[in-house]
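Step one of this worksheet: look at the structure below.
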Amino acid sequence: TWTTTNVVEESVAAIREQVGTKRAICGLSGGVDSAVAAALVQKAIGDQLTCVYVDHGLMRKGESEQVEKDFVAATGVQLKVVEAEERFLTALAGVSDPEEKRKIIGREFIRVFEQAQAELVAEAGAAGEAVEFLVQGTLYPDVVESGGGTGTANIKSHHNVGGLPDDIEFQLVEPLRRLFKDEVRMVGQELGLPDEIVHRQPFPGPGLGIRIVGEVNKERLDLLREADAIAREELTAAGLDRDIWQCPVVLLADVRSVGVQGDGRTYGHPIVLRPVSSEDAMTADWSRLPYDVLSRISTRITNEVDQVNRVVLDITSKPPGTIEWE
Ligand code: XMP
């Protein structure tokens, strides 16, 4: 019979069998899949696992802390954090085009992650150990979509860092391959992961970088982080988290409009709220949020966030609009 306890026990046994006494690496994204995969592997092989978290500076308020503190506290996992905000912001400087931003963020992410991986492999090698496994949070729907294959990942290092192997091959450990998303959440709960991670709504890999229409910089990111935190706080307080699929909060950094705030005229930026309901993100409808909740979010954002003097609601379904703005 299917129970989360059985799933955890069977997975732990299978992981131990597969990995043996070798070492494994797992990248954490802040999302539920990589967190649950890592927690399962940690339960199975303990300190033979090291997780890597690349902080690209594009996360929402409190999210990096959730990984760096709460996840570590809940699992006892060994974590290597790579602070890469400056590197990402430098690479993104002057770029407004959405596809260009996505390419840059993806490229930098792979480079930083692979370098961290290569360093871990080199460190383990120096200690007479071998890192042969890479943990991935592949779900059943991903397996079906990609034709069911499993196997190896070939990681090439693009860096001239002395002493690093320049071509590493890993066996994949994919403990979630037979699970659907809701089952992954149940397993995460069983493993004692924090609710904020287990019930996290979808959040794009490129993070807030694709929620700023216009150039990305630290000041704009901080401003958007504040607005987003307010929206999330109010949606949670109203008990709406499980009713909506997600609610991107977008900063129109290239748009200004006139307002009146305090004792004078302002010329600030609009924030867009994009609450949607959906089954699978392929199609979506805009969520009919209660007016009083929308009103509280709007009042708080315009009062509390510098340079924002207008909040607008996106009432477009998907199609024609995508969920994200970029
Ligand atoms: P769109 O904007 O295409 O988004 O309607 C559909 C769903 O996918 C998420 N999304 C991403 N997730 N990396 C991700 O991991 C990405 O680059 C990415 N872009 C969009 C989006 O938040 C929504 O849930």
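The way I read the labels, and the way they are meant: chains A, B, ... in the order of the structure tokens, residue 1 as the first residue of every chain, and ligand 1 as the first ligand shown, with later ones counted on from there.
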**OP:** Quick one: everything within 12 Å of Ala84 of chain A, counting only C-alpha atoms, minus sequence neighbours fewer than 4 positions away in the same chain. Send it as an NGL selection string.
**Re:** :A and (53-59 or 88-91 or 105 or 108-113 or 115-116)
Save out the residues we just selected, C-alpha atoms, as an mmCIF file, in the first residue's frame.
data_model
loop_
_atom_site.group_PDB
_atom_site.id
_atom_site.type_symbol
_atom_site.label_atom_id
_atom_site.label_comp_id
_atom_site.auth_asym_id
_atom_site.auth_seq_id
_atom_site.Cartn_x
_atom_site.Cartn_y
_atom_site.Cartn_z
ATOM 1 C CA TYR A 53 23.032 26.521 -3.041
ATOM 2 C CA VAL A 54 23.831 29.299 -5.478
ATOM 3 C CA ASP A 55 22.491 32.586 -4.124
ATOM 4 C CA HIS A 56 22.049 34.627 -7.299
ATOM 5 C CA GLY A 57 20.579 37.614 -5.492
ATOM 6 C CA LEU A 58 17.289 37.250 -7.387
ATOM 7 C CA MET A 59 15.362 35.432 -4.666
ATOM 8 C CA PHE A 88 24.813 37.933 -11.567
ATOM 9 C CA LEU A 89 24.104 41.653 -11.262
ATOM 10 C CA THR A 90 27.258 42.489 -13.179
ATOM 11 C CA ALA A 91 26.291 40.053 -15.940
ATOM 12 C CA ILE A 105 20.944 33.990 -15.670
ATOM 13 C CA GLU A 108 25.870 32.167 -15.054
ATOM 14 C CA PHE A 109 23.970 29.690 -12.915
ATOM 15 C CA ILE A 110 25.463 26.688 -14.685
ATOM 16 C CA ARG A 111 28.964 28.150 -14.512
ATOM 17 C CA VAL A 112 28.779 28.935 -10.807
ATOM 18 C CA PHE A 113 27.141 25.611 -9.957
ATOM 19 C CA GLN A 115 32.546 25.348 -10.416
ATOM 20 C CA ALA A 116 31.205 24.596 -6.924
#
**OP:** List all protein, DNA and RNA residues that have an atom no more than 7 Å from any atom of ligand 1, counting only C-alpha atoms and all ligand atoms, and report them as a count of residues only.
**Re:** 14
Segment 37-128 of chain A near segment 222-235 of chain A within 9 Å: what's each residue's closest atom pair and its distance in Å to one decimal, counting only C-alpha atoms, ordered by chain then ascending residue number, as a Markdown table?
| residue | atom | partner | partner_atom | distance |
| --- | --- | --- | --- | --- |
| A:Met59 | CA | A:Arg225 | CA | 8.2 |
| A:Arg60 | CA | A:Arg225 | CA | 5.5 |
| A:Lys61 | CA | A:Arg225 | CA | 5.6 |
| A:Gly62 | CA | A:Ala229 | CA | 8.8 |
Original post:
Among segment 62-174 of chain A, which residues carry a DSSP assignment of strand (DSSP E), reported as a count of residues only?
Top reply: 23
Near segment 22-25 of chain A, 10 Å: segment 145-247 of chain A residue rows, closest pairs, only C-alpha atoms, as JSON lines:
{"residue": "A:Phe170", "atom": "CA", "partner": "A:Ala24", "partner_atom": "CA", "distance": 8.9}
{"residue": "A:Gln171", "atom": "CA", "partner": "A:Ala24", "partner_atom": "CA", "distance": 9.2}
{"residue": "A:Leu172", "atom": "CA", "partner": "A:Ala24", "partner_atom": "CA", "distance": 9.3}
{"residue": "A:Val173", "atom": "CA", "partner": "A:Ala24", "partner_atom": "CA", "distance": 8.5}
Original post:
How would you write, as a count of residues only, the set of residues in segment 55-174 of chain A that DSSP gives as alpha helix (DSSP H)?
Top reply: 50
Original post:
Quick one: of A:Leu139, A:Val72, A:Val216, A:Ile15, who's nearest to Lys181 of chain A, counting only C-alpha atoms?
Top reply: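 Of A:Leu139, A:Val72, A:Val216, A:Ile15, the one nearest Lys181 of chain A is A:Leu139, counting only C-alpha atoms.
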Original post:
What is the distance between atom CA of Gln48 of chain A and atom CA of Asp142 of chain A, in Å to one decimal?
Top reply: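 Atom-to-atom, atom CA of Gln48 of chain A and atom CA of Asp142 of chain A are spaced 26.6 Å apart.
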Original post:
Excluding same-chain residues fewer than 2 positions from Thr4 of chain A, what lies within 8 Å of it counting only C-alpha atoms, as a list in words?
Top reply: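 The neighbour list is Trp2, Asn6, Val7, Val8, Glu183, Met186, Val187 and Glu190 of chain A.
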Prev. selection, C-alpha atoms, output as a PDB file, in the first residue's frame:
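So the final result, stored in result_19.pdb, reads:
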ATOM      1  CA  TRP A   2       1.033   3.556  -0.676  1.00  0.00           C
ATOM      2  CA  ASN A   6       6.588   3.244   3.028  1.00  0.00           C
ATOM      3  CA  VAL A   7       7.751   5.562   0.273  1.00  0.00           C
ATOM      4  CA  VAL A   8      10.382   7.092   2.548  1.00  0.00           C
ATOM      5  CA  GLU A 183       3.062  13.147  -3.085  1.00  0.00           C
ATOM      6  CA  MET A 186       3.561  14.678   1.603  1.00  0.00           C
ATOM      7  CA  VAL A 187       6.991  13.075   1.701  1.00  0.00           C
ATOM      8  CA  GLU A 190       6.902  13.345   6.650  1.00  0.00           C
TER       9      GLU A 190
END
Find the residues near segment 243-248 of chain A: any atom within 6 Å, counting only C-alpha atoms, skip ones fewer than 4 places away on the same chain, and give them as a PDB file with C-alpha atoms, in the first residue's frame.
ATOM      1  CA  GLN A 201       4.112  27.981  -4.760  1.00  0.00           C
ATOM      2  CA  ARG A 274      -0.672  38.807 -11.160  1.00  0.00           C
ATOM      3  CA  PRO A 275      -2.674  36.328  -9.058  1.00  0.00           C
ATOM      4  CA  VAL A 276      -3.642  33.231 -11.057  1.00  0.00           C
ATOM      5  CA  SER A 277      -5.471  29.983 -10.565  1.00  0.00           C
ATOM      6  CA  SER A 278      -4.341  26.985 -12.578  1.00  0.00           C
TER       7      SER A 278
END
**OP:** Write out as a PyMOL selection string the residues lying within 6 Å of segment 295-302 of chain A, counting only C-alpha atoms and excluding same-chain residues fewer than 3 positions away.
**Re:** chain A and resi 227+231+291-292+305+308-309+311
Subject >> Close residues, Gly31 of chain A itself excluded, 12 Å, only C-alpha atoms, min 6 positions apart in chain, as a ChimeraX atom specification >> reply: /A:37-38,53,59,63-64,66-67,71,137,181,184-185,188,193-205,207
Original post:
Which of these residues is nearest to Val95 of chain A, using only C-alpha atoms: A:Ala122, A:Ile210, A:Val260, A:Leu28?
Top reply: A:Ile210
Subject >> Between atom CA of Leu252 of chain A and atom CA of Arg211 of chain A - distance in Å to one decimal >> reply: 8.4 Å
Subject >> A:Ala93, A:Val77, A:Val52, A:Leu294 ranked by distance to Ala118 of chain A, top pick (using only C-alpha atoms) >> reply: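 Nearest to Ala118 of chain A: A:Val52.
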Subject >> Residue nearest Gly46 of chain A among A:Gly76, A:Lys218, A:Val19, A:Asp70 (counting only C-alpha atoms) >> reply: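 Closest candidate: A:Gly76.
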